[in-house]
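*Asks:* Here's a structure for you.
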Amino acid sequence: MADMTNIANRPHVKLRVTFSKKGRAAYISHLDLLRTFIRALRRAQIPVKYSEGFNPHAQLTFALPLAVGATSECELVDITLTNPIDVAEAVKNLSKALPEGITVNEAQLVYGSFPEFRMARYTLTIENDSPITDKLKQDIVDVFRLTGVMVEKKTKKKTTMVNILEHIYEFKIEKAEGNILTFNAMLSAGNEFTLKPDLAISGISSACEGFNPVFMGIHRTEILT
């Protein structure tokens, strides 16, 4: 249990919430997720700190925003508070106020910012356009013996060529059945560089004949420093 008296004397007291985003909630955009939390915090009567000035806004910070359509069990949001609160009571009230599909897993009082995240782990479920064979599975493994797999990474400002293999820390086949492949993947994610799962799969498929995904399910399971 955090020492609330000690924390109260420090600046920027925050409620750090770990939450899941599943089902229909996977299609809530990042901006709408922010609005959803602001409404829920208001209903839960949690004392959120607002910025000063002519257009004050609630001080919420999400770690590594999730792509629309992806699910997760490890999303993080820091909520700056005006004063310390009872965490158990806050979790109970916030859970009631959030919509179906967004579930509070745990929360704690902290101060300061998020640590520097470097990686995220995903479960990727891929539907291929043809049955998965032993040869295809071996061909996918062999991709990681190459010196590089170059893909285009587009941002709002520019397009650059990236070697995806430099940003894939783990990539294991967990299950293969029919046309479906399930991977356990750990990818770069953070301020320095983020490799999105769809870009990783696109690169691997470009280097592997017979691997032609027609659908991909993305589920984030862990965010790592």
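Note on naming: chains are A, B, ... as they come in the structure tokens, residues start from 1 per chain, ligands start from 1 in the order shown.
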Enumerate, as number ranges by chain, the complete set of residues in region 61-137 of chain A that a backbone-based DSSP assignment places in strand (DSSP E or B).
*Replies:* A: 61-63, 71-81, 102-111, 119-128
*Asks:* Restricted to C-alpha atoms, what would the selected residues look like written as a short mmCIF file (atom, residue, chain, number, x, y, z; two decimals), in the first residue's frame?
*Replies:*
data_model
loop_
_atom_site.label_atom_id
_atom_site.label_comp_id
_atom_site.auth_asym_id
_atom_site.auth_seq_id
_atom_site.Cartn_x
_atom_site.Cartn_y
_atom_site.Cartn_z
CA THR A 61 -1.65 10.52 -20.58
CA PHE A 62 -1.98 7.17 -22.37
CA ALA A 63 1.07 4.96 -22.94
CA THR A 71 -7.48 -5.57 -28.36
CA SER A 72 -5.34 -5.44 -25.23
CA GLU A 73 -5.09 -6.55 -21.62
CA CYS A 74 -2.31 -4.16 -20.60
CA GLU A 75 -3.20 -0.57 -21.59
CA LEU A 76 -1.96 2.20 -19.32
CA VAL A 77 -3.24 5.67 -18.52
CA ASP A 78 -1.89 8.20 -16.02
CA ILE A 79 -4.55 10.46 -14.52
CA THR A 80 -3.20 13.53 -12.74
CA LEU A 81 -5.14 14.23 -9.54
CA ILE A 102 -13.08 -1.48 -21.09
CA THR A 103 -12.13 -3.11 -17.79
CA VAL A 104 -9.91 -1.75 -15.03
CA ASN A 105 -7.35 -4.42 -14.09
CA GLU A 106 -5.48 -2.54 -11.39
CA ALA A 107 -4.49 0.96 -10.26
CA GLN A 108 -1.98 2.67 -8.01
CA LEU A 109 -0.98 6.14 -6.87
CA VAL A 110 2.30 7.31 -8.43
CA TYR A 111 4.19 10.50 -9.13
CA MET A 119 8.90 -3.15 -26.39
CA ALA A 120 5.41 -4.59 -26.53
CA ARG A 121 4.31 -8.22 -26.71
CA TYR A 122 1.44 -9.29 -28.94
CA THR A 123 -0.57 -12.35 -29.83
CA LEU A 124 -1.13 -12.16 -33.58
CA THR A 125 -3.76 -14.39 -35.17
CA ILE A 126 -3.33 -14.64 -38.94
CA GLU A 127 -5.66 -16.14 -41.51
CA ASN A 128 -3.63 -17.19 -44.56
#
*Asks:* Tell me, in Å to one decimal, how far CA of Thr221 (chain A) is from CA of Ala58 (chain A).
*Replies:*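 It comes out at 27.3 Å.
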*Asks:* Neighbouring residues of Glu170 (chain A) were defined as those with any atom within 9 Å, considering only C-alpha atoms; residues of the same chain fewer than 6 positions away were excluded. Please report them as a short mmCIF file (atom, residue, chain, number, x, y, z; two decimals) with C-alpha atoms, in the first residue's frame.
*Replies:*
data_model
loop_
_atom_site.label_atom_id
_atom_site.label_comp_id
_atom_site.auth_asym_id
_atom_site.auth_seq_id
_atom_site.Cartn_x
_atom_site.Cartn_y
_atom_site.Cartn_z
CA ARG A 121 4.31 -8.22 -26.71
CA ASN A 184 3.76 -14.64 -30.06
CA ALA A 185 5.69 -11.50 -31.03
CA MET A 186 7.75 -8.94 -29.16
CA LEU A 187 8.26 -5.75 -31.17
#
*Asks:* Counting only C-alpha atoms, figure out which residue out of A:Lys49, A:Lys14, A:Lys137, A:Lys196 gets nearest to Glu152 (chain A).
*Replies:*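 Checking each candidate against Glu152 (chain A), we get A:Lys196 as the closest.
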*Asks:* Between A:Ala26, A:Leu31, A:Leu94, A:Leu60, which one has atoms that come closest to Arg43 (chain A), using only C-alpha atoms?
*Replies:*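 For Arg43 (chain A), the nearest of the candidates is A:Leu94.
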*Asks:* Given only C-alpha atoms as the basis, pick out the residue of A:Ser130, A:Asn83, A:Thr225, A:Thr194 nearest to Leu181 (chain A).
*Replies:*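 Using only C-alpha atoms, Leu181 (chain A) sits closest to A:Ser130.
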*Asks:* Running DSSP on the backbone, which parts of region 2-223 of chain A land in helix (DSSP H, G or I), as a PyMOL selection string?
*Replies:* chain A and resi 4-8+23-27+30-43+87-97+134-143+164-167+197-206
*Asks:* Choose the residue, out of A:Gln45, A:Asn163, A:Ser202, A:Gln59, that has the smallest atom-to-atom separation from Ser188 (chain A); count only C-alpha atoms.
*Replies:*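 The closest residue to Ser188 (chain A) is A:Asn163.
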*Asks:* So what do you get for CA of Asn55 (chain A) versus CA of Gly112 (chain A), distance-wise?
*Replies:* 23.8 Å
*Asks:* In terms of the shortest atom-to-atom distance over only C-alpha atoms, which of A:Ala189, A:Cys208, A:Val91, A:Ile168 is closest to Asp139 (chain A)?
*Replies:* A:Cys208
